Amino acid sequence: MSPTLDALIAALRRLPGVGPKSAQRYAFHMLQHDREGAALLGRSLAEAVQKIKHCERCNTFSEQSLCDTCSSARRDPGLLCVVETPADQLMLEQTLSYSGYYFVLMGRLSPLDGIGPDDLHIQRLLSRVNDGLVSEVILATNFTAEGEATAHYLGMMLKRQGLKVSRLARGVPVGSELEYVDASTIAQALRDRRGFSGA
């Protein structure tokens, strides 16, 4: 194969979950069946890399110095939700059930991968929560070992700042049947149970 094709396959392998065979398949497909799409993808990636930066306030992706969410005056300034990635932020926004602001860590603590507190913009987070407006920080990191460690680390640090700190609840998914839910999820749901408020 040509060095250019090898370079394309190597570039595609940088995507998460894409191994050598998948990268090869994508490269051949685009070159054989969708050269116009390949050119569009290349232009879009180049433009995104050039134009998209981080919001100065919440650290998410934005083309402006402040993202649309941080620029909105309709949000609740007392609530700040901490998430790992812009994708997590988008998922929370799509629920239409949260009206506060965000801070995006752009990762999670992972000592095995060499990711420590300095890599997560924690000093920026501390500056953000001490703006005199934030009264509650919601820790919405993922429920992985690293996400839990990150939530614990941040929770301890934020409580020392005198802030109310909460964590997303865990439990049985809506619409599921108990016999099909794994035991650890049911155990967590029992631990996080809440009072019945029926009429």
# chains A, B, ... in the order shown; residues from 1 in each chain; ligands from 1

call {"tool": "residues_around", "arguments": {"residues": "Val134 of chain A", "least_positions_apart": "6", "cutoff": "9 Å", "atoms": "only C-alpha atoms", "output": "number ranges by chain"}}
result
A: 77-80, 128, 163

call {"tool": "closest_atom_pairs", "arguments": {"of": "segment 33-133 of chain A", "to": "segment 154-162 of chain A", "cutoff": "12 Å", "atoms": "only C-alpha atoms", "output": "Markdown table"}}
result
| residue | atom | partner | partner_atom | distance |
| --- | --- | --- | --- | --- |
| A:Leu80 | CA | A:Leu158 | CA | 11.7 |
| A:Cys81 | CA | A:Leu154 | CA | 12.0 |
| A:Val82 | CA | A:Leu154 | CA | 9.4 |
| A:Val83 | CA | A:Leu154 | CA | 11.4 |
| A:Leu105 | CA | A:Leu154 | CA | 10.9 |
| A:Arg108 | CA | A:Leu154 | CA | 10.6 |
| A:Leu109 | CA | A:Leu154 | CA | 10.1 |
| A:Pro117 | CA | A:Leu154 | CA | 9.4 |
| A:Leu120 | CA | A:Leu154 | CA | 10.7 |
| A:His121 | CA | A:Leu154 | CA | 11.6 |
| A:Ile122 | CA | A:Leu154 | CA | 8.5 |
| A:Gln123 | CA | A:Met157 | CA | 11.1 |
| A:Leu125 | CA | A:Leu158 | CA | 9.6 |
| A:Leu126 | CA | A:Leu158 | CA | 7.8 |
| A:Ser127 | CA | A:Gln161 | CA | 10.9 |
| A:Arg128 | CA | A:Leu158 | CA | 11.3 |
| A:Val129 | CA | A:Leu158 | CA | 8.4 |
| A:Asn130 | CA | A:Gln161 | CA | 8.0 |
| A:Asp131 | CA | A:Gln161 | CA | 11.7 |
| A:Gly132 | CA | A:Gln161 | CA | 11.4 |

call {"tool": "write_last_selection", "arguments": {"atoms": "N, CA, C and O atoms", "output": "short mmCIF file (atom, residue, chain, number, x, y, z; two decimals), in the first residue's frame"}}
result
data_model
loop_
_atom_site.label_atom_id
_atom_site.label_comp_id
_atom_site.auth_asym_id
_atom_site.auth_seq_id
_atom_site.Cartn_x
_atom_site.Cartn_y
_atom_site.Cartn_z
N LEU A 80 -24.24 24.39 40.00
CA LEU A 80 -23.13 24.08 39.11
C LEU A 80 -22.97 22.57 39.04
O LEU A 80 -22.76 21.91 40.06
N CYS A 81 -23.11 22.01 37.85
CA CYS A 81 -23.01 20.56 37.63
C CYS A 81 -21.65 20.24 37.02
O CYS A 81 -21.28 20.79 35.98
N VAL A 82 -20.90 19.38 37.68
CA VAL A 82 -19.56 19.00 37.22
C VAL A 82 -19.65 17.68 36.47
O VAL A 82 -20.12 16.68 37.01
N VAL A 83 -19.20 17.68 35.21
CA VAL A 83 -19.24 16.48 34.37
C VAL A 83 -17.84 16.19 33.84
O VAL A 83 -16.96 17.05 33.87
N LEU A 105 -14.74 18.82 33.24
CA LEU A 105 -13.38 18.48 33.66
C LEU A 105 -12.47 18.10 32.50
O LEU A 105 -11.26 18.21 32.58
N ARG A 108 -11.11 12.47 33.91
CA ARG A 108 -11.36 12.00 35.27
C ARG A 108 -10.03 11.55 35.84
O ARG A 108 -9.09 11.24 35.11
N LEU A 109 -9.95 11.53 37.16
CA LEU A 109 -8.72 11.07 37.81
C LEU A 109 -8.45 9.62 37.44
O LEU A 109 -9.33 8.78 37.51
N PRO A 117 -4.96 15.52 39.46
CA PRO A 117 -5.78 16.73 39.63
C PRO A 117 -5.38 17.90 38.73
O PRO A 117 -6.23 18.64 38.27
N LEU A 120 -7.08 18.11 35.28
CA LEU A 120 -8.54 18.25 35.20
C LEU A 120 -9.02 19.68 35.44
O LEU A 120 -10.20 19.88 35.71
N HIS A 121 -8.14 20.65 35.40
CA HIS A 121 -8.53 22.07 35.54
C HIS A 121 -9.23 22.32 36.88
O HIS A 121 -10.17 23.12 36.96
N ILE A 122 -8.77 21.64 37.92
CA ILE A 122 -9.43 21.75 39.21
C ILE A 122 -9.27 23.15 39.82
O ILE A 122 -10.18 23.65 40.49
N GLN A 123 -8.15 23.80 39.57
CA GLN A 123 -7.99 25.17 40.07
C GLN A 123 -9.01 26.11 39.43
O GLN A 123 -9.56 26.99 40.08
N LEU A 125 -11.95 25.13 38.44
CA LEU A 125 -13.21 24.77 39.08
C LEU A 125 -13.34 25.48 40.43
O LEU A 125 -14.40 26.03 40.76
N LEU A 126 -12.27 25.49 41.21
CA LEU A 126 -12.31 26.16 42.51
C LEU A 126 -12.59 27.65 42.37
O LEU A 126 -13.35 28.23 43.14
N SER A 127 -11.97 28.27 41.37
CA SER A 127 -12.24 29.69 41.12
C SER A 127 -13.70 29.89 40.75
O SER A 127 -14.34 30.85 41.19
N ARG A 128 -14.23 28.97 39.98
CA ARG A 128 -15.62 29.07 39.52
C ARG A 128 -16.60 28.93 40.68
O ARG A 128 -17.56 29.69 40.78
N VAL A 129 -16.37 27.99 41.59
CA VAL A 129 -17.33 27.78 42.68
C VAL A 129 -17.24 28.86 43.75
O VAL A 129 -18.14 29.02 44.55
N ASN A 130 -16.14 29.61 43.75
CA ASN A 130 -15.98 30.67 44.74
C ASN A 130 -16.34 32.04 44.17
O ASN A 130 -15.82 33.05 44.63
N ASP A 131 -17.26 32.06 43.20
CA ASP A 131 -17.65 33.34 42.59
C ASP A 131 -18.71 34.07 43.40
O ASP A 131 -19.16 35.15 43.03
N GLY A 132 -19.14 33.47 44.52
CA GLY A 132 -20.14 34.12 45.36
C GLY A 132 -21.57 33.82 44.95
O GLY A 132 -22.51 34.23 45.63
#

call {"tool": "closest_residue", "arguments": {"among": "A:Gly171, A:Glu93, A:Leu139, A:Ser65", "to": "Ile186 of chain A", "atoms": "only C-alpha atoms"}}
result
A:Gly171

call {"tool": "residues_around", "arguments": {"residues": "Gly147 of chain A", "least_positions_apart": "3", "cutoff": "10 Å", "atoms": "only C-alpha atoms", "output": "MDAnalysis selection string"}}
result
chainID A and resid 83:84 107:110 139:144 150:153

call {"tool": "write_last_selection", "arguments": {"atoms": "C-alpha atoms", "output": "CSV table (one decimal), in the first residue's frame"}}
result
chain,number,residue,atom,x,y,z
A,83,VAL,CA,-19.2,16.5,34.4
A,84,GLU,CA,-16.3,14.6,32.8
A,107,GLY,CA,-11.5,13.8,31.9
A,108,ARG,CA,-11.4,12.0,35.3
A,109,LEU,CA,-8.7,11.1,37.8
A,110,SER,CA,-6.8,8.0,36.6
A,139,LEU,CA,-21.1,15.9,40.9
A,140,ALA,CA,-22.2,14.1,37.8
A,141,THR,CA,-19.1,12.1,37.0
A,142,ASN,CA,-19.6,8.6,35.6
A,143,PHE,CA,-20.1,5.6,37.9
A,144,THR,CA,-16.9,3.9,36.9
A,150,THR,CA,-13.0,11.8,41.0
A,151,ALA,CA,-16.4,12.5,42.6
A,152,HIS,CA,-15.0,11.6,46.1
A,153,TYR,CA,-11.9,13.8,45.6

call {"tool": "select_by_dssp", "arguments": {"residues": "segment 115-191 of chain A", "states": "strand (DSSP E or B)", "output": "PyMOL selection string"}}
result
chain A and resi 115+136-139+164-167

call {"tool": "closest_atom_pairs", "arguments": {"of": "segment 31-147 of chain A", "to": "segment 3-27 of chain A", "cutoff": "9 Å", "atoms": "only C-alpha atoms", "output": "JSON lines"}}
result
{"residue": "A:Leu31", "atom": "CA", "partner": "A:Ala27", "partner_atom": "CA", "distance": 6.2}
{"residue": "A:Gln32", "atom": "CA", "partner": "A:Ala27", "partner_atom": "CA", "distance": 8.5}
{"residue": "A:Ala38", "atom": "CA", "partner": "A:Ala27", "partner_atom": "CA", "distance": 8.8}

call {"tool": "write_last_selection", "arguments": {"atoms": "N, CA, C and O atoms", "output": "PDB file, in the first residue's frame"}}
result
ATOM      1  N   LEU A  31     -12.427   5.894   0.318  1.00  0.00           N
ATOM      2  CA  LEU A  31     -11.709   6.099  -0.950  1.00  0.00           C
ATOM      3  C   LEU A  31     -12.422   5.433  -2.122  1.00  0.00           C
ATOM      4  O   LEU A  31     -12.384   5.936  -3.242  1.00  0.00           O
ATOM      5  N   GLN A  32     -13.074   4.313  -1.889  1.00  0.00           N
ATOM      6  CA  GLN A  32     -13.728   3.593  -2.969  1.00  0.00           C
ATOM      7  C   GLN A  32     -15.144   4.079  -3.242  1.00  0.00           C
ATOM      8  O   GLN A  32     -15.557   4.191  -4.388  1.00  0.00           O
ATOM      9  N   ALA A  38     -15.325  11.790   2.278  1.00  0.00           N
ATOM     10  CA  ALA A  38     -13.987  11.822   2.873  1.00  0.00           C
ATOM     11  C   ALA A  38     -13.429  13.246   2.854  1.00  0.00           C
ATOM     12  O   ALA A  38     -12.846  13.709   3.839  1.00  0.00           O
TER      13      ALA A  38
END

call {"tool": "atom_distance", "arguments": {"atom1": "atom CA of Gly175 of chain A", "atom2": "atom CA of Thr95 of chain A"}}
result
16.2 Å

call {"tool": "residues_around", "arguments": {"residues": "Arg124 of chain A", "least_positions_apart": "6", "cutoff": "9 Å", "atoms": "only C-alpha atoms", "output": "list of chain:residue names"}}
result
A:Arg57, A:Cys58, A:Asn59

call {"tool": "write_last_selection", "arguments": {"atoms": "C-alpha atoms", "output": "CSV table (one decimal), in the first residue's frame"}}
result
chain,number,residue,atom,x,y,z
A,57,ARG,CA,-16.0,29.8,32.2
A,58,CYS,CA,-17.1,26.1,32.1
A,59,ASN,CA,-14.3,24.6,30.0

call {"tool": "residues_around", "arguments": {"residues": "Ser71 of chain A", "least_positions_apart": "3", "cutoff": "12 Å", "atoms": "only C-alpha atoms", "output": "number ranges by chain"}}
result
A: 55-58, 62, 64-68, 74-75, 77, 100-102

call {"tool": "closest_residue", "arguments": {"among": "A:Ala183, A:Val137, A:Met30, A:Met106", "to": "Leu168 of chain A", "atoms": "only C-alpha atoms"}}
result
A:Val137

call {"tool": "select_by_dssp", "arguments": {"residues": "segment 15-177 of chain A", "states": "helix (DSSP H, G or I)", "output": "PyMOL selection string"}}
result
chain A and resi 20-33+35-51+68-71+86-94+111-113+117-120+122-129+145-159

call {"tool": "atom_distance", "arguments": {"atom1": "atom CA of Ile138 of chain A", "atom2": "atom CA of Tyr98 of chain A"}}
result
10.7 Å
